[in-house]
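Text of upload26.txt (compact mmCIF, C-alpha atoms and all ligand atoms) as supplied:
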```txt
# COMPACT_ATOMS: atom_id res chain seq x y z
CA MET A 1 53.35 122.39 101.38
CA ALA A 2 55.10 122.83 98.06
CA ILE A 3 58.47 121.14 97.57
CA THR A 4 61.32 123.61 97.24
CA ARG A 5 64.48 123.52 95.18
CA GLU A 6 66.49 123.81 98.42
CA GLN A 7 64.85 120.69 99.82
CA VAL A 8 65.71 118.78 96.68
CA LEU A 9 69.35 119.93 96.72
CA GLU A 10 69.63 119.15 100.42
CA ALA A 11 68.33 115.61 99.81
CA LEU A 12 70.69 115.10 96.87
CA LYS A 13 73.73 115.85 99.03
CA VAL A 14 73.86 112.19 100.08
CA VAL A 15 74.22 111.03 96.48
CA ASN A 16 77.91 110.47 95.77
CA ASP A 17 79.67 110.04 92.48
CA PRO A 18 80.91 106.46 92.95
CA GLU A 19 84.23 107.11 91.26
CA LEU A 20 84.99 110.57 92.56
CA HIS A 21 83.82 109.83 96.04
CA LYS A 22 82.13 113.20 96.56
CA SER A 23 78.54 114.45 96.56
CA ILE A 24 76.99 115.32 93.20
CA VAL A 25 75.78 118.57 94.72
CA GLU A 26 79.27 119.50 95.84
CA LEU A 27 80.63 118.56 92.40
CA ASP A 28 78.00 120.75 90.69
CA MET A 29 76.67 117.81 88.76
CA VAL A 30 73.01 118.70 89.39
CA LYS A 31 72.26 120.80 86.35
CA ASP A 32 68.54 121.31 86.52
CA ILE A 33 65.66 120.77 88.92
CA GLN A 34 62.02 121.00 87.85
CA ILE A 35 59.25 120.70 90.39
CA ASP A 36 55.74 120.07 89.20
CA GLY A 37 53.53 119.34 92.20
CA GLY A 38 54.78 115.99 93.54
CA HIS A 39 56.81 115.26 90.40
CA VAL A 40 60.49 116.18 90.58
CA THR A 41 62.72 116.04 87.49
CA VAL A 42 66.46 116.23 88.07
CA THR A 43 69.11 116.50 85.38
CA VAL A 44 72.49 115.12 86.38
CA ASN A 45 75.47 116.12 84.28
CA LEU A 46 77.83 113.17 83.89
CA THR A 47 81.60 113.50 83.63
CA VAL A 48 81.53 111.11 80.68
CA PRO A 49 78.63 110.75 78.24
CA GLY A 50 77.30 107.19 78.35
CA CYS A 51 78.80 106.81 81.81
CA PRO A 52 78.69 103.12 82.81
CA LEU A 53 77.49 104.11 86.27
CA LYS A 54 74.29 105.79 85.03
CA HIS A 55 71.99 103.20 86.57
CA ARG A 56 73.63 103.72 89.96
CA PHE A 57 73.05 107.50 89.78
CA GLN A 58 69.45 106.86 88.81
CA GLN A 59 68.81 104.54 91.77
CA ASP A 60 70.57 106.76 94.28
CA VAL A 61 68.80 109.94 93.15
CA GLU A 62 65.42 108.19 93.24
CA ALA A 63 66.11 106.80 96.71
CA ALA A 64 67.28 110.17 98.07
CA LEU A 65 64.34 112.14 96.68
CA GLY A 66 61.88 109.45 97.71
CA LYS A 67 62.56 110.52 101.29
CA VAL A 68 61.50 114.14 100.72
CA PRO A 69 57.95 114.70 102.02
CA GLY A 70 55.50 115.32 99.18
CA VAL A 71 57.60 113.73 96.42
CA GLU A 72 55.43 111.29 94.47
CA ARG A 73 57.40 110.76 91.31
CA VAL A 74 61.05 111.23 90.34
CA THR A 75 62.44 111.51 86.81
CA VAL A 76 66.20 111.46 86.34
CA GLN A 77 67.68 112.85 83.15
CA PHE A 78 71.31 112.89 82.12
CA GLY A 79 73.48 115.44 80.41
CA ALA A 80 77.21 115.52 79.68
CA MET A 81 79.76 118.01 80.94
CA THR A 82 81.78 120.31 78.78
CA ASP A 83 85.59 120.18 79.02
CA GLU A 84 85.53 123.27 81.24
CA GLU A 85 83.01 121.69 83.59
CA ARG A 86 85.10 118.53 83.78
CA ALA A 87 88.18 120.57 84.66
CA ALA A 88 86.16 122.32 87.39
CA VAL A 89 85.14 118.93 88.79
CA ALA A 90 88.77 117.79 88.76
CA ALA A 91 89.72 120.92 90.72
CA LYS A 92 86.98 120.20 93.26
CA VAL A 93 88.08 116.58 93.67
CA ARG A 94 91.53 117.93 94.32
CA GLY A 95 89.98 120.21 96.92
CA GLY A 96 91.79 123.27 95.65
CA GLU A 97 95.04 121.62 96.61
CA PRO A 98 98.08 121.60 94.37
CA HIS A 99 98.62 118.47 92.27
CA GLY A 100 100.94 116.86 94.79
CA GLU A 101 98.24 116.92 97.44
CA ALA A 102 95.71 115.22 95.18
CA ARG A 103 98.02 112.24 95.05
CA LYS A 104 97.96 111.98 98.78
CA SER A 105 94.20 111.98 98.94
CA THR A 106 93.95 109.28 96.29
CA MET A 107 96.52 107.27 98.20
CA ALA A 108 94.49 107.62 101.36
CA LEU A 109 91.61 106.12 99.47
CA ALA A 110 93.75 103.26 98.30
CA SER A 111 94.85 102.51 101.84
CA LYS A 112 91.38 101.10 102.50
CA THR A 113 91.63 98.82 99.51
CA THR A 114 93.10 95.35 99.80
CA ILE A 115 95.59 94.98 96.97
CA ILE A 116 96.20 91.48 95.67
CA GLY A 117 98.84 90.90 93.01
CA VAL A 118 98.48 87.94 90.68
CA ALA A 119 101.97 86.69 89.84
CA SER A 120 103.55 83.84 87.92
CA GLY A 121 107.01 82.48 87.23
CA LYS A 122 106.56 82.78 83.48
CA GLY A 123 104.11 83.99 80.87
CA GLY A 124 101.37 81.91 79.33
CA VAL A 125 100.37 80.04 82.49
CA GLY A 126 97.00 81.82 82.68
CA LYS A 127 97.75 84.74 84.98
CA SER A 128 95.51 87.23 83.18
CA THR A 129 92.72 84.69 82.74
CA THR A 130 92.92 84.04 86.48
CA THR A 131 92.89 87.77 87.29
CA VAL A 132 89.71 88.55 85.34
CA ASN A 133 87.88 85.48 86.62
CA LEU A 134 88.88 86.15 90.22
CA ALA A 135 87.69 89.74 89.83
CA VAL A 136 84.29 88.68 88.49
CA ALA A 137 84.08 86.01 91.22
CA LEU A 138 84.83 88.52 94.01
CA LYS A 139 82.23 90.84 92.49
CA LYS A 140 79.68 88.01 92.54
CA LEU A 141 80.47 87.48 96.21
CA GLY A 142 79.38 91.08 96.77
CA TYR A 143 82.71 92.92 96.94
CA SER A 144 83.69 95.97 94.91
CA VAL A 145 86.69 95.08 92.76
CA GLY A 146 89.01 96.86 90.34
CA ILE A 147 91.83 95.59 88.13
CA ILE A 148 95.18 97.12 87.21
CA ASP A 149 96.90 95.48 84.26
CA ALA A 150 100.54 95.90 85.28
CA ASP A 151 101.76 93.61 82.51
CA ILE A 152 102.55 96.65 80.40
CA TYR A 153 104.27 94.81 77.55
CA GLY A 154 101.94 91.84 77.50
CA PHE A 155 98.65 93.52 78.39
CA SER A 156 95.53 91.49 77.80
CA ILE A 157 92.95 92.69 80.33
CA PRO A 158 90.91 94.96 77.97
CA ARG A 159 90.29 92.11 75.53
CA MET A 160 89.55 89.59 78.26
CA MET A 161 87.12 91.99 79.93
CA GLY A 162 85.55 92.86 76.59
CA ASN A 163 86.01 96.62 76.61
CA MET A 164 88.73 98.10 74.43
CA SER A 165 87.70 101.73 74.88
CA ARG A 166 89.97 104.46 76.16
CA PRO A 167 89.71 105.89 79.64
CA GLN A 168 88.40 109.45 79.96
CA ALA A 169 90.66 112.07 81.46
CA LEU A 170 89.16 114.56 83.88
CA ASP A 171 92.21 116.75 83.48
CA ASP A 172 95.94 116.21 82.91
CA GLN A 173 96.20 114.29 86.19
CA MET A 174 93.01 112.36 86.70
CA LEU A 175 91.81 109.40 84.72
CA LEU A 176 88.52 107.59 85.03
CA PRO A 177 88.85 103.81 84.71
CA VAL A 178 87.26 101.77 81.93
CA TRP A 179 84.37 99.51 83.01
CA ALA A 180 83.26 96.02 82.06
CA HIS A 181 81.20 93.47 83.98
CA ASP A 182 80.62 96.17 86.59
CA ILE A 183 84.36 96.22 87.29
CA PRO A 184 86.63 99.25 86.74
CA PHE A 185 90.01 98.54 85.19
CA ILE A 186 92.99 100.23 83.63
CA SER A 187 95.62 98.86 81.30
CA ALA A 188 98.33 100.15 79.01
CA GLY A 189 96.15 98.45 76.41
CA SER A 190 93.42 100.98 77.18
CA LEU A 191 95.80 103.76 76.18
CA VAL A 192 97.30 102.43 72.95
CA ASN A 193 96.07 100.42 69.98
CA GLU A 194 96.26 96.68 70.52
CA ASP A 195 98.76 96.08 67.74
CA GLN A 196 100.97 98.99 68.77
CA ALA A 197 104.30 97.96 70.29
CA ILE A 198 105.11 99.52 73.63
CA ILE A 199 108.72 100.58 73.87
CA TRP A 200 108.80 102.56 77.08
CA ARG A 201 111.82 101.87 79.15
CA GLY A 202 112.06 100.98 82.83
CA PRO A 203 111.47 104.37 84.48
CA MET A 204 108.49 105.09 82.21
CA LEU A 205 106.98 101.73 83.10
CA GLY A 206 107.29 102.47 86.78
CA LYS A 207 105.70 105.86 86.19
CA MET A 208 102.78 104.30 84.39
CA ILE A 209 102.05 101.83 87.17
CA GLU A 210 102.28 104.67 89.68
CA GLN A 211 99.74 106.63 87.67
CA PHE A 212 97.45 103.63 87.48
CA LEU A 213 97.54 103.45 91.27
CA LEU A 214 97.42 107.10 92.18
CA ASN A 215 95.81 109.06 89.36
CA VAL A 216 92.97 106.76 88.40
CA GLN A 217 89.84 107.60 90.34
CA TRP A 218 89.03 104.16 91.69
CA GLY A 219 86.34 105.15 94.14
CA LYS A 220 85.77 102.79 97.02
CA LEU A 221 87.16 99.39 96.26
CA ASP A 222 87.28 96.41 98.57
CA TYR A 223 89.81 94.70 96.33
CA LEU A 224 92.21 95.86 93.67
CA LEU A 225 93.66 92.96 91.69
CA ILE A 226 96.94 93.55 89.89
CA ASP A 227 97.85 91.42 86.90
CA LEU A 228 101.62 91.51 87.42
CA PRO A 229 104.24 91.09 84.73
CA PRO A 230 105.48 87.47 84.59
CA GLY A 231 108.68 86.33 86.23
CA THR A 232 111.17 88.05 88.45
CA GLY A 233 112.77 90.45 85.96
CA ASP A 234 113.24 94.20 86.36
CA VAL A 235 109.66 95.08 85.60
CA ALA A 236 108.23 92.53 88.01
CA LEU A 237 110.68 93.63 90.69
CA SER A 238 109.99 97.35 90.33
CA VAL A 239 106.25 96.73 90.52
CA ALA A 240 106.77 94.56 93.60
CA GLN A 241 108.83 97.33 95.19
CA MET A 242 106.06 99.80 94.51
CA LEU A 243 103.58 97.63 96.36
CA PRO A 244 105.26 96.51 99.55
CA ASN A 245 103.09 94.78 102.10
CA THR A 246 100.54 93.70 99.55
CA ASP A 247 99.27 90.17 99.09
CA LEU A 248 100.10 87.85 96.24
CA VAL A 249 98.47 84.90 94.56
CA LEU A 250 100.78 82.72 92.55
CA VAL A 251 99.58 81.03 89.37
CA THR A 252 101.38 77.95 88.11
CA THR A 253 100.75 74.98 85.84
CA PRO A 254 101.16 71.42 87.23
CA GLN A 255 104.54 70.82 85.63
CA ALA A 256 107.35 70.55 88.15
CA ALA A 257 109.51 72.86 86.05
CA ALA A 258 106.88 75.61 86.00
CA ALA A 259 106.45 75.31 89.73
CA GLN A 260 110.19 75.65 90.24
CA VAL A 261 110.30 78.84 88.19
CA ALA A 262 107.34 80.15 90.14
CA SER A 263 109.07 79.55 93.43
CA ARG A 264 111.53 82.31 92.53
CA VAL A 265 108.61 84.72 92.76
CA GLY A 266 108.30 83.47 96.32
CA SER A 267 111.86 84.57 97.09
CA MET A 268 111.19 87.95 95.51
CA ALA A 269 108.02 88.35 97.56
CA ALA A 270 109.95 87.66 100.75
CA LYS A 271 112.37 90.47 99.88
CA THR A 272 109.62 92.98 99.16
CA ASN A 273 107.56 91.94 102.16
CA GLN A 274 104.66 90.60 100.15
CA ARG A 275 102.57 87.86 101.66
CA ILE A 276 101.71 84.90 99.47
CA LEU A 277 98.08 84.04 100.08
CA GLY A 278 98.07 80.86 98.07
CA VAL A 279 98.78 79.03 94.85
CA ILE A 280 96.32 78.60 92.00
CA GLU A 281 97.13 75.59 89.86
CA ASN A 282 95.88 76.42 86.39
CA MET A 283 95.41 73.86 83.63
CA ALA A 284 95.46 71.34 86.48
CA TYR A 285 93.73 68.74 84.32
CA PHE A 286 92.00 68.64 80.95
CA LEU A 287 88.22 68.39 80.81
CA CYS A 288 87.10 67.11 77.43
CA ASP A 289 83.55 67.04 76.10
CA GLN A 290 83.48 63.27 75.78
CA CYS A 291 83.92 61.90 79.28
CA GLU A 292 83.87 62.85 82.94
CA LYS A 293 87.47 61.83 83.41
CA LYS A 294 90.18 64.29 84.45
CA HIS A 295 93.10 64.05 82.02
CA PHE A 296 96.34 65.07 83.72
CA ILE A 297 98.13 66.07 80.56
CA PHE A 298 100.66 68.34 82.26
CA GLY A 299 101.39 65.87 85.05
CA LYS A 300 100.41 66.32 88.65
CA GLY A 301 101.57 67.88 91.84
CA GLY A 302 103.31 71.10 90.70
CA GLY A 303 100.90 73.32 92.58
CA GLN A 304 101.14 71.25 95.75
CA ALA A 305 104.92 71.18 95.61
CA LEU A 306 105.07 74.95 95.14
CA ALA A 307 102.62 75.60 97.97
CA ALA A 308 104.58 73.32 100.30
CA ASN A 309 107.76 75.12 99.31
CA LEU A 310 106.20 78.53 100.10
CA GLY A 311 104.29 77.44 103.19
CA CYS A 312 100.84 78.21 101.78
CA GLU A 313 97.90 76.31 100.31
CA VAL A 314 96.68 75.47 96.83
CA ILE A 315 93.48 77.53 96.87
CA ALA A 316 92.09 76.21 93.58
CA GLU A 317 92.78 73.82 90.74
CA ILE A 318 91.44 75.21 87.49
CA PRO A 319 90.74 72.75 84.69
CA LEU A 320 92.01 73.28 81.17
CA THR A 321 88.91 73.64 79.04
CA ALA A 322 87.99 75.28 75.78
CA ASP A 323 85.25 77.23 77.58
CA VAL A 324 87.80 79.13 79.69
CA ARG A 325 89.79 80.12 76.63
CA LEU A 326 86.71 81.07 74.63
CA GLY A 327 85.45 83.25 77.46
CA SER A 328 88.79 85.08 77.60
CA ASP A 329 88.84 85.56 73.84
CA VAL A 330 85.42 87.15 73.60
CA GLY A 331 85.56 89.25 76.76
CA ASP A 332 83.18 87.12 78.79
CA PRO A 333 85.11 85.54 81.66
CA ILE A 334 83.65 82.10 82.35
CA VAL A 335 82.58 83.09 85.88
CA ALA A 336 80.41 85.89 84.42
CA ASP A 337 78.71 83.66 81.95
CA LYS A 338 78.68 80.04 83.10
CA GLU A 339 78.67 80.04 86.85
CA ASP A 340 77.95 76.31 87.13
CA HIS A 341 80.89 75.28 84.99
CA PRO A 342 83.55 73.36 86.99
CA ALA A 343 86.16 75.99 86.05
CA ALA A 344 83.88 78.83 87.24
CA GLN A 345 83.20 76.96 90.46
CA ALA A 346 86.96 76.61 90.99
CA TYR A 347 87.46 80.37 90.52
CA LEU A 348 84.60 81.12 92.92
CA GLN A 349 86.16 78.81 95.47
CA ALA A 350 89.48 80.64 95.07
CA ALA A 351 87.74 84.01 95.53
CA ARG A 352 86.03 82.83 98.73
CA LYS A 353 89.35 81.61 100.04
CA LEU A 354 91.03 84.94 99.21
CA ALA A 355 88.30 86.90 100.98
CA GLU A 356 88.82 84.67 104.00
CA LEU A 357 92.62 85.00 104.00
CA SER A 358 92.60 88.72 103.25
CA PRO A 359 89.26 90.18 104.37
CA PRO A 360 88.23 93.57 103.02
CA LYS A 361 88.85 96.61 105.19
CA VAL A 362 85.84 98.50 106.48
CA TRP A 363 84.92 101.76 104.77
CA THR A 364 84.04 103.83 107.80
CA ASP A 365 82.60 106.83 105.95
CA GLU A 366 80.33 104.48 104.04
CA LEU A 367 78.88 103.37 107.36
CA LYS A 368 78.25 106.99 108.30
CA VAL A 369 76.09 107.51 105.20
CA LEU A 370 74.02 104.47 106.16
N1 LIG B 401 92.24 76.98 82.35
C1 LIG B 401 92.39 77.28 81.07
N2 LIG B 401 91.80 76.53 80.09
C2 LIG B 401 91.96 76.82 78.78
N3 LIG B 401 92.69 77.85 78.32
C3 LIG B 401 93.30 78.63 79.23
C4 LIG B 401 93.18 78.40 80.64
N4 LIG B 401 93.89 79.36 81.27
C5 LIG B 401 94.41 80.15 80.32
N5 LIG B 401 94.07 79.72 79.10
C6 LIG B 401 94.45 80.29 77.80
O1 LIG B 401 95.87 80.27 77.73
C7 LIG B 401 96.37 81.43 77.11
C8 LIG B 401 97.33 82.15 78.07
O2 LIG B 401 96.60 82.62 79.19
P1 LIG B 401 96.85 84.05 79.83
O3 LIG B 401 95.86 84.23 80.89
O4 LIG B 401 96.93 85.08 78.77
O5 LIG B 401 98.31 83.78 80.45
P2 LIG B 401 99.35 84.81 81.09
O6 LIG B 401 98.63 86.02 81.51
O7 LIG B 401 99.95 84.04 82.23
O8 LIG B 401 100.37 85.06 80.02
C9 LIG B 401 95.16 82.27 76.76
O9 LIG B 401 94.84 82.03 75.42
C10 LIG B 401 94.06 81.74 77.66
O10 LIG B 401 92.78 81.86 77.08
MG MG B 402 98.86 87.98 80.83
```

How does this structure look as C-alpha cells?
Ligand SMILES: Nc1ncnc2c1ncn2[C@@H]1O[C@H](COP(=O)(O)OP(=O)(O)O)[C@@H](O)[C@H]1O
Ligand SMILES: [Mg+2]
Amino acid sequence: MAITREQVLEALKVVNDPELHKSIVELDMVKDIQIDGGHVTVTVNLTVPGCPLKHRFQQDVEAALGKVPGVERVTVQFGAMTDEERAAVAAKVRGGEPHGEARKSTMALASKTTIIGVASGKGGVGKSTTTVNLAVALKKLGYSVGIIDADIYGFSIPRMMGNMSRPQALDDQMLLPVWAHDIPFISAGSLVNEDQAIIWRGPMLGKMIEQFLLNVQWGKLDYLLIDLPPGTGDVALSVAQMLPNTDLVLVTTPQAAAAQVASRVGSMAAKTNQRILGVIENMAYFLCDQCEKKHFIFGKGGGQALAANLGCEVIAEIPLTADVRLGSDVGDPIVADKEDHPAAQAYLQAARKLAELSPPKVWTDELKVL
C-alpha cells in the first residue's frame, strides 16, 4: 500500500524540537513531504539557519519514519524560517497565552532542572574555568547540561566555550541559547562585544539574570550550572536571592586567606537557603612538565579548612597547569579535549560526586515518549 502524507505527519509527531520542547508537526516546522515509492523526503524548517541541533533532528526524523510500514529510505532536508514564521512558532510555544503565562511554563520546565551555582569568595580563583569543565564533564557522564554566565561584569563563558556568537531571538521575549561542545549557554558576553563595558546598574542586572533563567528556551536539562559573580557583594546576593534552594559548589585556592574569604559565601548561602555541595580546591598544586612531583606553590590545606568550616567535603583538587589555561583561552575546556589529563580526571571526579550528591530529577514526559 502506498505511503500517505498523513502517515508521515502522524509519525513525525513524536519528533520534538529539543529546545522548544514541542513536536515539529505542532510547531509547523515540517515544510515539505515528498513520497516516491518507499523513499520519503522531508524538509524541516529550522528556527535558526545552521542550527547546532541539526544532527539531532536528522536522527529523530529518520528513526520516526523508519517505523512507518513501507518506508525504505529517508532523506532529511533543512530550510530556515522567515521572521514571521519564527514569530508564529514563538506564539505556539507560548500556547496562545499572554506573555506572563509563558514565563510560568518556562519556569515549570526549569523546576525539573537541578540548578548548581558555582561560587567563590573572590575573582580569579578559577570559577569560570571550573564551570565550563564541570559542564563538559557532566555532559560526558551522559547528562544534559546548560550554563548561565551570571558574572555579568566579568563574563568569560563565551570565550572559554569557544563560541562568541549572539543568541537568536524567537520574538521579543524568547531567546535561543548559544551552543558549544553540545552544551547550551547564555552570557551577557553573548549579547555585547567583548571589549564593551557593561554599565547596567543593580536592577538591570537582576532583570538580565531573570531573563536568562526564564526567557531562554533551555529545553530539558538535567543540570543548569550558574557561573556566579565572585564574592558576597550586591550582585552575588541578588543572584543568590533569585535562586533560593539551589545547590552551590565553592571554588577556592589553597591559600588560607582565600579560603577565609570564601567562607563568607557559606554564610550568605545559609541565609538564602542554598545548600553547599562541596568545595573544589583549584590550583591545588603545580604540575610542571619536568617531573612528576606536585609543587604546592600556594600552600596546602585551604580547601580542607573551608570544607571543615562549612561541613562539606573537598570534592576535587585541580592542579595548576598550563594545559588548563590554554584550554580556557582557546575555547576547548581540558575535559573536552584531553580526558586523560590529571586535571580533566579531577573535574570528572568532581562531576561524578556532584551527580551523586544532587542527582538529576526524572523527566516524566520523556519517559512517556519512550
Ligand atoms: N587549574 C588551573 N591551571 C591553570 N590556569 C588556571 C587554572 N584555573 C584557572 N586558570 C586560569 O586562571 C585565570 C582565572 O580563571 P577564571 O576561571 O577566569 O577565574 P574566575 O572565574 O574565578 O575569575 C584564567 O586565565 C584561567 O585560564
Ligand atoms: Mg569568571

Per residue of chain A within 7 Å of ligand LIG 401 (chain B), record the nearest atom pair and its distance in Å to one decimal, counting only C-alpha atoms and all ligand atoms, with rows in chain order and ascending residue number, as CSV.
```
residue,atom,partner,partner_atom,distance
A:Ser120,CA,B:LIG401,O7,6.7
A:Lys122,CA,B:LIG401,O7,6.8
A:Gly123,CA,B:LIG401,O8,4.0
A:Gly124,CA,B:LIG401,O8,3.4
A:Val125,CA,B:LIG401,O7,4.0
A:Gly126,CA,B:LIG401,O3,3.2
A:Lys127,CA,B:LIG401,O7,3.6
A:Ser128,CA,B:LIG401,O6,3.7
A:Thr129,CA,B:LIG401,O3,3.7
A:Thr130,CA,B:LIG401,O3,6.3
A:Ser156,CA,B:LIG401,O4,6.6
A:Pro230,CA,B:LIG401,O7,6.9
A:Asn282,CA,B:LIG401,N1,5.5
A:Met283,CA,B:LIG401,N1,4.6
A:Ile318,CA,B:LIG401,N1,5.5
A:Pro319,CA,B:LIG401,N1,5.1
A:Leu320,CA,B:LIG401,N2,3.4
A:Thr321,CA,B:LIG401,N2,4.2
A:Ala322,CA,B:LIG401,C2,5.2
A:Asp323,CA,B:LIG401,C2,6.8
A:Val324,CA,B:LIG401,N2,4.8
A:Arg325,CA,B:LIG401,O10,3.5
A:Leu326,CA,B:LIG401,O10,6.6
A:Ser328,CA,B:LIG401,O10,5.2
A:Asp329,CA,B:LIG401,O10,6.3
```

- Message: Can you measure CA of Lys220 (chain A) to CA of Leu248 (chain A) for me? One decimal in Å is fine.
- Response: 20.7 Å

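Pairwise distance (CA of Val40 (chain A), CA of Glu10 (chain A)) equals 13.8 Å.
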
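The coordinates place CA of Val76 (chain A) at 13.8 Å from CA of Leu9 (chain A).
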
- Closest of A:Ile3, A:Val314, A:Glu26, A:Val136 to Ala88 (chain A) - atom-to-atom distances counting all atoms listed in the file: A:Glu26
